[in-house]
Each structure stands twice: as C-alpha cells, then as structure tokens.
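See below for coords-v6.txt, which holds compact mmCIF, C-alpha atoms.
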```
# COMPACT_ATOMS: atom_id res chain seq x y z
CA LEU A 1 6.20 -0.46 -11.99
CA GLU A 2 7.31 3.06 -12.75
CA ALA A 3 10.82 2.96 -11.30
CA ARG A 4 12.73 0.86 -8.82
CA GLY A 5 10.40 0.52 -5.82
CA HIS A 6 7.83 2.95 -7.23
CA TYR A 7 4.48 1.55 -8.31
CA ARG A 8 1.28 3.08 -9.66
CA LEU A 9 -2.21 1.61 -9.42
CA ALA A 10 -4.92 2.70 -11.83
CA GLY A 11 -8.54 1.83 -12.52
CA CYS A 12 -10.89 -0.10 -10.26
CA PHE A 13 -9.36 -1.31 -6.98
CA GLY A 14 -11.89 -3.43 -5.14
CA PHE A 15 -13.49 -6.82 -4.70
CA GLU A 16 -13.05 -7.85 -8.34
CA THR A 17 -9.35 -6.99 -8.50
CA ALA A 18 -8.11 -7.23 -4.91
CA SER A 19 -6.74 -10.77 -4.88
CA GLU A 20 -4.79 -10.30 -8.11
CA VAL A 21 -3.43 -6.90 -7.02
CA LEU A 22 -2.47 -8.30 -3.60
CA ALA A 23 -0.56 -11.24 -5.07
CA ARG A 24 1.17 -9.14 -7.68
CA GLY A 25 2.14 -6.49 -5.14
CA ASN A 26 3.47 -9.09 -2.70
CA ALA A 27 5.72 -10.51 -5.41
CA GLU A 28 6.95 -7.12 -6.61
CA PHE A 29 7.41 -5.48 -3.21
CA ALA A 30 9.53 -8.35 -1.89
CA ARG A 31 12.29 -7.16 -4.24
CA HIS A 32 12.57 -3.68 -2.74
CA PRO A 33 13.22 -2.58 0.87
CA HIS A 34 11.62 0.82 0.16
CA VAL A 35 8.33 0.93 -1.74
CA GLU A 36 6.08 3.81 -2.75
CA VAL A 37 2.65 3.17 -4.23
CA ASP A 38 0.89 5.97 -6.13
CA LEU A 39 -2.87 5.47 -5.99
CA SER A 40 -3.83 8.67 -7.80
CA GLY A 41 -4.92 6.70 -10.88
CA VAL A 42 -7.50 4.65 -8.97
CA THR A 43 -10.96 5.58 -10.24
CA ALA A 44 -13.08 3.42 -7.92
CA ALA A 45 -12.25 1.64 -4.67
CA ASP A 46 -13.94 -0.24 -1.85
CA SER A 47 -13.15 -2.03 1.40
CA ALA A 48 -11.33 -4.83 -0.43
CA GLY A 49 -8.89 -2.25 -1.77
CA LEU A 50 -8.38 -0.96 1.76
CA ALA A 51 -7.76 -4.53 2.96
CA VAL A 52 -5.02 -4.93 0.34
CA LEU A 53 -3.32 -1.71 1.45
CA LEU A 54 -3.45 -2.80 5.09
CA ALA A 55 -2.06 -6.24 4.22
CA TRP A 56 0.86 -4.58 2.43
CA VAL A 57 1.53 -2.37 5.45
CA GLU A 58 1.67 -5.41 7.72
CA ARG A 59 3.87 -7.33 5.29
CA ALA A 60 6.30 -4.40 5.02
CA ARG A 61 6.53 -4.10 8.79
CA THR A 62 7.20 -7.79 9.33
CA ARG A 63 9.95 -7.71 6.68
CA GLY A 64 11.51 -4.53 8.04
CA HIS A 65 10.74 -2.62 4.83
CA THR A 66 9.32 0.85 4.36
CA LEU A 67 6.09 1.52 2.50
CA ARG A 68 4.47 4.81 1.53
CA TYR A 69 1.17 5.53 -0.18
CA THR A 70 0.49 8.66 -2.20
CA GLY A 71 -2.68 9.84 -3.92
CA LEU A 72 -4.96 7.86 -1.62
CA PRO A 73 -8.47 7.68 -3.17
CA ARG A 74 -11.25 9.42 -1.24
CA GLN A 75 -13.26 6.20 -1.05
CA ILE A 76 -10.44 4.36 0.71
CA ALA A 77 -9.67 7.30 2.98
CA ALA A 78 -13.34 7.47 4.03
CA ILE A 79 -13.60 3.74 4.72
CA ALA A 80 -10.33 3.84 6.66
CA ALA A 81 -11.56 6.75 8.77
CA ILE A 82 -14.86 5.04 9.57
CA SER A 83 -12.99 1.82 10.38
CA ASP A 84 -10.50 3.68 12.60
CA VAL A 85 -7.50 2.41 10.61
CA ALA A 86 -6.53 5.62 8.78
CA ALA A 87 -3.32 5.96 10.79
CA LEU A 88 -2.14 2.60 9.47
CA LEU A 89 -2.21 3.91 5.90
CA ARG A 90 0.39 6.53 6.63
CA GLY A 91 2.92 3.90 5.69
CA ALA A 92 5.12 1.36 7.32
CA GLU A 93 8.57 1.67 8.71
CA PRO A 94 10.65 -0.88 10.52
CA PRO A 95 10.28 -0.48 14.33
CA ALA A 96 13.96 0.50 14.72
CA THR A 97 13.53 3.37 12.25
CA LYS A 98 10.58 4.79 14.19
CA ALA A 99 12.40 4.52 17.50
CA SER A 100 15.52 6.25 16.18
CA ALA A 101 13.45 9.08 14.69
CA ALA A 102 11.81 9.85 18.05
```
What does this structure look like when you write it as structure tokens?
Amino acid sequence: LEARGHYRLAGCFGFETASEVLARGNAEFARHPHVEVDLSGVTAADSAGLAVLLAWVERARTRGHTLRYTGLPRQIAAIAAISDVAALLRGAEPPATKASAA
C-alpha cells in the first residue's frame, strides 16, 4: 500500500504468488471504492498474474468500485492480447459511471 487506494506490486507475479496476491488484494481493495494498482515493479509475470488482474476487475465491477492498472508488464499485456481480454484490463468502473460518461 502506497497511499489510500493506491497499491504497488513488485517482483514475480505468477503461478507461485498468484493465490497469495489475489487474497491479499481482495482484502485490501474491499476497503476502498477507488483503487489503482501500479504494476511497474513486476519483473516477471505469467497467465496466473493475468488471471488475478481479471478477477480483481470482475470483483470491482460487482461491488460498484473503480479499478485502474498502471505500468502493465509486457508479459501480461502480450498474454491478454493473445487471449483477447486486453480490453478488460483497462480497468473497471461501475455500469452507471460508464453510462453517464457516454
């Protein structure tokens, strides 16, 4: 936690760390309606890391929270593009917010 609602991930973000990072993020993010996650410190990532990010997006949407990722690692961006889920990583906003912005 860097500041209220601002988090930073660093190091390896994959199969070996995904379940712990997911659980910790779920607990932390529940406290804040607006969350930003800086991933610029991630040195290695795989599809498990992507799965965590997608799970957080879904969780934020169902709770009506906003979520934004910055510094997305190339490995995750590439896997997301191949998997056709890159658009989902652009963040989450409550449905009402998206509709009012249109």
Notebook entry, point to check: Counting all atoms listed in the file, which of A:Gln75, A:His65, A:Ser47, A:Gly11 gets nearest to A:Arg31?
Noted result: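 For A:Arg31, the nearest of the given residues is A:His65.
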Next item on the list: For stretch 81-86 of chain A, list every protein, DNA or RNA residue within 12 Å, evaluated using all atoms listed in the file, and leave out those in the same chain fewer than 4 positions away; present the list as a list in words.
Entry: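 Using all atoms listed in the file, the neighbours found are Ser47, Leu50, Ala51, Leu53, Leu54, Val57, Tyr69, Leu72, Arg74, Gln75, Ile76, Ala77, Arg90 and Gly91 of chain A.
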Next item on the list: Tell me which of A:Ala87, A:Leu67, A:Ala55, A:Ala45 sits closest to A:His32, counting all atoms listed in the file.
Entry: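 Result for the nearest residue to A:His32: A:Leu67.
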Rows by chain and residue number, stretch 38-101 of chain A within 7 Å of stretch 17-23 of chain A, shortest pair, all atoms listed in the file, as CSV:
```
residue,atom,partner,partner_atom,distance
A:Ala48,CA,A:Ala18,CA,6.0
A:Gly49,CA,A:Ala18,CA,5.9
A:Val52,CA,A:Leu22,CA,5.8
```
Next item on the list: Fewer than 6 positions away in the same chain doesn't count, so skip those; otherwise give me all residues within 9 Å of A:Gly71, counting only C-alpha atoms, as a PyMOL selection string.
Entry: chain A and resi 37-42
Note to self: If I take atom CA of A:Ala44 and atom CA of A:Cys12, how far is one from the other in Å, to one decimal?
What the structure shows: 4.8 Å
Note to self: One number please: atom CA of A:His34 to atom CA of A:Phe13, in Å, one decimal.
What the structure shows: 22.3 Å
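Comparing A:Glu16, A:Ala78, A:Gly64, A:Leu9 by their smallest distance to A:Glu36, the closest is A:Leu9 (using only C-alpha atoms).
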Checklist line | Nearest-residue call for A:Ala27, choices A:Trp56, A:Arg61, A:Asp46, A:Pro73, using all atoms listed in the file | finding: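 Selected residue with least distance to A:Ala27: A:Trp56.
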Note to self: Could you tell me how far atom CA of A:Glu58 sits from atom CA of A:His6, in Å to one decimal place?
What the structure shows: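 Distance between the two atoms: 18.2 Å.
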Checklist line | Top pick for closest residue to A:Pro33, considering A:Phe15, A:Leu88, A:Arg68, A:Ala10 and counting all atoms listed in the file | finding: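 Smallest separation from A:Pro33 among the options: A:Arg68.
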